[in-house]
Structure formats: C-alpha cells, structure tokens
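Enquirer: One structure, as structure tokens, below. Some questions next.
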Amino acid sequence: MTFPRFIPLAAMSLGAASFALASDARAQSVTNVQFVNGIAIDGASPDLSVGSAFDRRLGFFSDLYYDQSRGEWWGLSDRGPGGGSLSYDTRVQRFSITYNQNTGSISDFQVLQTVKFMTQGVPLNGLGPNPTSVLGNALDPEGFVINPTTGTFLVSDEYGPSLYEFDRNGELLRRFTTPPNLIPRSSGTSVPNFGGNAGNDAGKSSNRGFEGLAISPDGKFAYAMLQSGMLDEGAGTGIFARIVKYDIASGTAVGQYAYQMQGAGQGRGISALVALGNDKFLVLERNNRGIGVGATLNTADKAVYEIDLTGATDISAISLANGVLPVNVTTVLKGNKVIDLDANTLAALGNRSPEKWEGLAIGPRLNNGLYLMLAGTDNDYSVTQNQTGVQFDVWFNFADADPFASSIQCPIGEIVGCTSALTANHALLPGVLHAYTADINGYVSTVPEPSTVALLAVGLALVGLGAGRKRRATLS
C-alpha cells in the first residue's frame with residue numbers, strides 16, 4: 001500500500017509544512033503515458049441509495065477524483081437518466097478498486113458510499129429548471145473535487161453554469177457567484193433561460209455549462225471550465241471555451257481565460273479538467289462519436305492535453321464576439337496530446353471507443369515512481385428517448401457492426417415489451433474505466449487538511465490516514 005507524498009514534517013511547524021507543500025506545486029510535464037488495462041462495469045449495477053432498482057442504477061463517471069490525503073476514489077453521477085426529463089436525486093459515489101502496485105492494472109470495482117446532494121434536507125434534482133428563469137434546486141453535476149484544506153465537496157453544474165460547495169454528507173453550504181457574462185440570457189432583456197436556448201443569444205449554450213472542475217494544490221482556487229463556446233462566442237461553431245478561476249474564500253470569480261479546442265463540430269467540447277500544479281492542468285477534449293446512446297459510431301476523437309494558464313490574458317471583461325479572438329489576447333498555452341483515449345479499446349465493447357469519456361483523475365504513486373491515472377466514461381444510464389419524449393432503456397449487442405443502430409429499446413426498468421426480443425448477448429451500456437501509468441515531473445498533490453498535517457508532524461500519519469477507509473492494492 002502506498003500513501004500520499006509528503007515532505008518530512010517532524011521538525012516543521014504547521015504553517016511551514018503547508019507552505020512547503022503548496023510552494024512546490026510546479027508540475028512541468030506528463031510523459032511516458034502507458035495504457036495498462038481497462039474494465040467494463042455492468043450498466044445495471046446499483047449504487048447504495050434506497051428506492052427502485054432503476055432509481056438506484058449506478059450513474060457512471062461524469063467526473064473522477066482521487067483524494068490523495070484520504071486515499072479515496074470518487075465518481076460523479078450526472079443529472080440522471082432522461083436528460084433532465086426524469087426526476088432523479090443527484091449524487092456522488094465513493095468507490096474502491098484493486099490496483100497492482102507494480103503495474104497499475106485495475107480490477108474489482110465496488111461502490112462504498114452514495115452521497116446525495118441536498119439543501120436543508122431537500123434533494124437537489126436533475127430535472128430541468130421550472131420556471132426556466134430560476135435555477136431553484138435543479139442540478140446537473142459534471143465536475144467534482146475535494147477541498148484539501150476543509151474536506152468539503154466542490155461540484156460544478158451545467159444548468160447555471162454554477163459552482164457549489166457541499167459538506168461531506170452532501171448538504172449544500174454555499175453557491176458561488178456566477179460571472180454575469182456566463183449566464184444564459186437574452187441580451188435585449190437580460191432574462192435568463194436556464195432550461196434551454198430558447199430566447200437566449202448570450203451566455204453559455206444549453207447543456208454546455210461547467211463541464212470541467214479542478215482545484216489548486218493549496219485549496220485556494222477552483223477552476224471551472226465551460227464545455228465549449230458561449231452563444232455569443234460562436235456556440236456550436238466556436239473553438240474557444242472559457243476557464244473561470246474562482247477564489248474559494250470569497251466564492252467569486254477572479255479570472256477568465258480562453259482555451260482553444262482542436263476544432264468545432266461533432267459535438268466537440270471538453271469533459272474534464274485536472275490540476276497538475278498551480279496554473280497547470282490536463283484537459284480532456286472529445287467529440288460525440290463512438291459507442292453510446294444515440295451516438296454516431298465512426299470517427300471517434302478523444303484526447304487529453306496538457307495546458308498552462310501562465311501568461312494567458314484575463315478575458316473577464318473581453319468578448320470573443322462570434323467566436324473571434326481579439327487582437328492582443330493570449331490564449332491558454334496548449335501542449336501536445338498526452339493521451340489518445342481511442343488508441344486502446346475493450347473487447348467488452350467490441351473493441352470500439354466509448355462515446356462519452358468524461359472522467360479523468362491522477363491517483364496514487366506506484367512502486368516504480370509512476371502515477372496511476374484513471375479515465376472513465378458516462379454511459380447516460382443506458383437510456384434514450386423517442387421523438388415524443390418517451391424514455392427507454394437501450395440494450396446493445398456489442399458484437400454487431402453498429403451496436404446502437406441494432407440496439408433494442410425496452411420500457412424503463414423492464415425486459416418485456418421491448419422493440420425486439422432480448423438475447424443473452426444483449427446488455428445495457430457499461431461504464432468503462434481505463435488505467436494508465438505516467439511520469440508526472442514535479443507533481444505535488446493537494447495540501448492535506450491541517451489536522452492531517454498535525455498527525456504527520458507527530459508521527460501518527462499512518463494511523464490517521466489508514467483508519468476507517470477501505471483501500472486495496474496488490475503487489476503480485
């Protein structure tokens with residue numbers, strides 16, 4: 001078993017220890033990335049909530065996060081099946097996997113805890129805002145991190161776009177302030193429509209809100225990233241997505257930066273943002289092709305890039321009108337492709353790339369000095385809808401030439417009354433996890449909570465970090 005990397009603290013004060021860890025957050029590069037293996041998780045798997053089997057159907061990896069100070073993996077479920085048309089209490093899952101300390105290979109996925117997001121005991125729900133001019137308790141969670149200094153959850157949302165903070169029981173603590181230029185609205189009346197694009201000509205595009213979320217190693221700043229261009233900045237044909245820097249203490253935005261995507265079209269956008277160090281990140285960028293519910297099969301394109309915000313122009317007060325970059329605006333520095341997520345496939349999906357790679361996280365350090373990284377998919381609960389809005393489960397035979405084109409639709413939660421007879425070869429769309437190893441030069445993970453540092457300082461780190469949690473590793 002490995003533990004988070006910490007500078008020896010025996011002779012340090014708490015303040016000096018925190019400074020030493022925070023000031024060393026200077027990751028320079030991610031190299032030597034190697035695919036290790038992948039696992040497919042049954043699309044009918046339940047979480048640990050209560051209710052019907054369908055309500056408990058596990059929502060897979062809209063985001064992934066590894067809590068270095070606790071050794072815990074978290075996987076975020078999105079707004080639920082039906083794309084905001086079915087009632088669903090939003091939630092996040094703590095899970096475990098077995099990983100090989102020498103190779104990084106993974107197996108044996110298990111859900112350990114299901115935490116629902118609540119406000120004063122009332123669940124935040126994935127249903128679209130109603131009325132559409134008021135967010136209310138509507139939540140479409142897409143990004144998840146844990147504040148290392150408080151242990152609280154930060155969750156980014158597509159409806160607002162919004163950023164929220166929850167305690168570890170899922171109770172809402174506060175809503176961060178969304179910059180006015182991001183709010184979906186009519187530029188003539190300033191009336192927002194959070195439920196769709198109707199009447200809007202400015203702000204984020206529908207279902208294109210805060211998709212990525214990262215936190216600085218010292219826990220001072222959160223970075224929320226729009227999925228693609230805003231309505232007044234090119235929308236579907238725009239190639240610039242905004243990264244918004246939040247001061248966590250005040251809950252307000254202190255900067256916005258332009259990230260240039262590889263292109264536009266095919267639903268291209270970003271799906272995850274992971275901090276490597278202060279101002280340095282990994283970005284998962286993808287199109288909407290591949291094995292998925294309603295997806296076109298061919299020309300899948302999913303990749304991870306390294307980026308650096310140092311030197312990028314703050315565009316908080318600058319418009320990229322019609323998606324055109326103004327003169328003298330410097331975009332986020334974008335490096336080479338770090339991971340080609342389409343390069344390795346699983347037999348369980350017919351050796352084809354999944355459509356929705358949405359989760360990415362840096363995990364523990366292995367015996368060989370490399371880091372384990374996980375990438376995960378969102379399977380949309382294996383649910384789609386017909387032209388009249390009726391929702392159906394989608395069953396695939398992954399041996400078929402185009403598994404979605406030949407898929408069978410069944411009433412939600414049923415295996416009778418389907419469009420065709422199901423066979424033993426049919427399955428709901430699984431969730432997928434890929435394991436990679438990588439050399440991350442200069443990487444220092446998030447600063448541990450003060451209580452954890454204090455334990456380390458008196459030599460009780462192993463007890464404090466190891467107690468009360470389930471984590472498995474193998475040495476064979």
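Ordering of the structure tokens sets the chain letters (A, B, ...), residue numbers begin anew at 1 in every chain, and ligands are numbered from 1 in the order given.
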Could you pull out the helix (DSSP H, G or I) residues of stretch 193-441 of chain A, going by DSSP on the backbone, and write them as a list in words?
Expert: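 So, restricting stretch 193-441 of chain A to helix (DSSP H, G or I), we get Leu231, Asp232, Glu233, Ala235, Gly236, Thr237, Ala321, Asn322, Gly323, Ala347, Ala348, Leu349, Asp380, Tyr381 and Ser382 of chain A.
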Enquirer: Kindly export the residues of the current selection with N, CA and C atoms, as an mmCIF file, in the first residue's frame.
Expert:
```cif
data_model
loop_
_atom_site.group_PDB
_atom_site.id
_atom_site.type_symbol
_atom_site.label_atom_id
_atom_site.label_comp_id
_atom_site.auth_asym_id
_atom_site.auth_seq_id
_atom_site.Cartn_x
_atom_site.Cartn_y
_atom_site.Cartn_z
ATOM 1 N N LEU A 231 -22.990 31.225 -26.437
ATOM 2 C CA LEU A 231 -23.880 31.569 -27.544
ATOM 3 C C LEU A 231 -23.385 32.776 -28.320
ATOM 4 N N ASP A 232 -22.832 33.760 -27.617
ATOM 5 C CA ASP A 232 -22.358 34.977 -28.273
ATOM 6 C C ASP A 232 -20.884 34.879 -28.654
ATOM 7 N N GLU A 233 -20.308 33.668 -28.522
ATOM 8 C CA GLU A 233 -18.908 33.478 -28.868
ATOM 9 C C GLU A 233 -18.719 32.276 -29.792
ATOM 10 N N ALA A 235 -20.821 29.634 -30.215
ATOM 11 C CA ALA A 235 -21.666 28.483 -29.873
ATOM 12 C C ALA A 235 -21.126 27.211 -30.528
ATOM 13 N N GLY A 236 -21.954 26.520 -31.325
ATOM 14 C CA GLY A 236 -21.562 25.244 -31.914
ATOM 15 C C GLY A 236 -20.430 25.323 -32.907
ATOM 16 N N THR A 237 -20.181 26.500 -33.463
ATOM 17 C CA THR A 237 -19.070 26.654 -34.411
ATOM 18 C C THR A 237 -17.872 27.348 -33.766
ATOM 19 N N ALA A 321 -16.475 37.989 -29.528
ATOM 20 C CA ALA A 321 -17.696 38.114 -30.325
ATOM 21 C C ALA A 321 -17.645 37.212 -31.544
ATOM 22 N N ASN A 322 -18.723 36.422 -31.717
ATOM 23 C CA ASN A 322 -18.849 35.491 -32.841
ATOM 24 C C ASN A 322 -17.708 34.476 -32.897
ATOM 25 N N GLY A 323 -17.059 34.267 -31.750
ATOM 26 C CA GLY A 323 -16.001 33.274 -31.697
ATOM 27 C C GLY A 323 -14.675 33.726 -32.247
ATOM 28 N N ALA A 347 -12.605 -5.502 -25.370
ATOM 29 C CA ALA A 347 -13.412 -6.495 -26.081
ATOM 30 C C ALA A 347 -14.869 -6.410 -25.659
ATOM 31 N N ALA A 348 -15.121 -5.994 -24.416
ATOM 32 C CA ALA A 348 -16.487 -5.910 -23.903
ATOM 33 C C ALA A 348 -17.340 -4.927 -24.690
ATOM 34 N N LEU A 349 -16.716 -3.960 -25.368
ATOM 35 C CA LEU A 349 -17.435 -3.011 -26.212
ATOM 36 C C LEU A 349 -17.147 -3.258 -27.688
ATOM 37 N N ASP A 380 -24.739 7.475 -19.704
ATOM 38 C CA ASP A 380 -26.099 8.026 -19.793
ATOM 39 C C ASP A 380 -27.148 7.069 -19.232
ATOM 40 N N TYR A 381 -26.751 6.217 -18.289
ATOM 41 C CA TYR A 381 -27.654 5.261 -17.658
ATOM 42 C C TYR A 381 -28.237 4.277 -18.671
ATOM 43 N N SER A 382 -27.671 4.254 -19.878
ATOM 44 C CA SER A 382 -28.149 3.421 -20.988
ATOM 45 C C SER A 382 -29.615 3.702 -21.296
#
```
Enquirer: Give me the residues within 8 Å of A:Asp47 as a PyMOL selection string, counting only C-alpha atoms and dropping any in the same chain fewer than 3 places off.
Expert: chain A and resi 56-58+93+111+113-114
Enquirer: Taking the backbone alone, and naming residues the way the document does, which bits of stretch 206-385 of chain A are strand (DSSP E) by DSSP, as a PyMOL selection string?
Expert: chain A and resi 210-215+221-226+240-247+252-260+269-277+280-286+302-308+333-340+357-365+371-377+383-385
Enquirer: Give one line per residue of stretch 213-256 of chain A that approaches stretch 164-168 of chain A to at most 12 Å, naming the two atoms of the closest pair and their distance in Å to one decimal, counting only C-alpha atoms; sort by chain then ascending residue number and deliver it as a tab-separated table.
Expert:
```
residue	atom	partner	partner_atom	distance
A:Leu213	CA	A:Tyr164	CA	11.2
A:Ala222	CA	A:Tyr164	CA	10.9
A:Ala224	CA	A:Tyr164	CA	11.0
A:Tyr246	CA	A:Tyr164	CA	11.5
A:Ile248	CA	A:Glu165	CA	9.6
A:Ala249	CA	A:Glu165	CA	11.4
A:Gly251	CA	A:Tyr164	CA	9.2
A:Thr252	CA	A:Tyr164	CA	11.6
```
Enquirer: Residues within 6 Å of A:Ser353, please, as a list in words. Count only C-alpha atoms; anything in the same chain fewer than 5 positions from it doesn't count.
Expert: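 Answer for this query is Gly290, Asp342 and Thr345 of chain A.
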Enquirer: How would the residues just chosen look if you wrote them out with C-alpha atoms as a PDB file, in the first residue's frame?
Expert:
```pdb
ATOM      1  CA  GLY A 290     -18.262   6.192 -30.657  1.00  0.00           C
ATOM      2  CA  ASP A 342      -9.249   5.962 -28.632  1.00  0.00           C
ATOM      3  CA  THR A 345     -10.264  -0.455 -26.509  1.00  0.00           C
TER       4      THR A 345
END
```
Enquirer: Considering only C-alpha atoms, give me a table of residues in stretch 297-354 of chain A that are at most 12 Å from stretch 28-35 of chain A, with the closest atom pair and distance in Å for each, as JSON lines.
Expert:
```
{"residue": "A:Val304", "atom": "CA", "partner": "A:Val30", "partner_atom": "CA", "distance": 10.7}
{"residue": "A:Tyr305", "atom": "CA", "partner": "A:Val30", "partner_atom": "CA", "distance": 9.5}
{"residue": "A:Glu306", "atom": "CA", "partner": "A:Val30", "partner_atom": "CA", "distance": 7.6}
{"residue": "A:Ile307", "atom": "CA", "partner": "A:Ser29", "partner_atom": "CA", "distance": 9.6}
{"residue": "A:Asp308", "atom": "CA", "partner": "A:Gln28", "partner_atom": "CA", "distance": 9.4}
{"residue": "A:Lys334", "atom": "CA", "partner": "A:Ser29", "partner_atom": "CA", "distance": 12.0}
{"residue": "A:Gly335", "atom": "CA", "partner": "A:Ser29", "partner_atom": "CA", "distance": 9.4}
{"residue": "A:Asn336", "atom": "CA", "partner": "A:Val30", "partner_atom": "CA", "distance": 10.1}
{"residue": "A:Lys337", "atom": "CA", "partner": "A:Val30", "partner_atom": "CA", "distance": 10.1}
{"residue": "A:Val338", "atom": "CA", "partner": "A:Val30", "partner_atom": "CA", "distance": 7.0}
{"residue": "A:Ile339", "atom": "CA", "partner": "A:Val33", "partner_atom": "CA", "distance": 7.0}
{"residue": "A:Asp340", "atom": "CA", "partner": "A:Phe35", "partner_atom": "CA", "distance": 9.6}
{"residue": "A:Leu341", "atom": "CA", "partner": "A:Phe35", "partner_atom": "CA", "distance": 9.2}
{"residue": "A:Asp342", "atom": "CA", "partner": "A:Phe35", "partner_atom": "CA", "distance": 10.9}
{"residue": "A:Ala343", "atom": "CA", "partner": "A:Phe35", "partner_atom": "CA", "distance": 8.9}
{"residue": "A:Asn344", "atom": "CA", "partner": "A:Phe35", "partner_atom": "CA", "distance": 7.3}
{"residue": "A:Thr345", "atom": "CA", "partner": "A:Phe35", "partner_atom": "CA", "distance": 10.0}
{"residue": "A:Leu346", "atom": "CA", "partner": "A:Phe35", "partner_atom": "CA", "distance": 11.7}
```
Enquirer: A:Gln227, A:Thr331, A:Thr132, A:Ser87: which is nearest A:Pro161, counting only C-alpha atoms?
Expert: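 Looking at the shortest contact to A:Pro161, the residue is A:Gln227.
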Enquirer: Residues near A:Thr384, anyone? I mean within 10 Å using only C-alpha atoms, not counting same-chain ones fewer than 2 positions away, as a PyMOL selection string.
Expert: chain A and resi 81-83+293-294+380-382+386+389-394+409+412
Enquirer: Which residue out of A:Gly212, A:Gly234, A:Gly219, A:Pro179 has the minimum interatomic distance to A:Ala253 when only C-alpha atoms are used?
Expert: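 With only C-alpha atoms as the atom set, the closest residue is A:Pro179.
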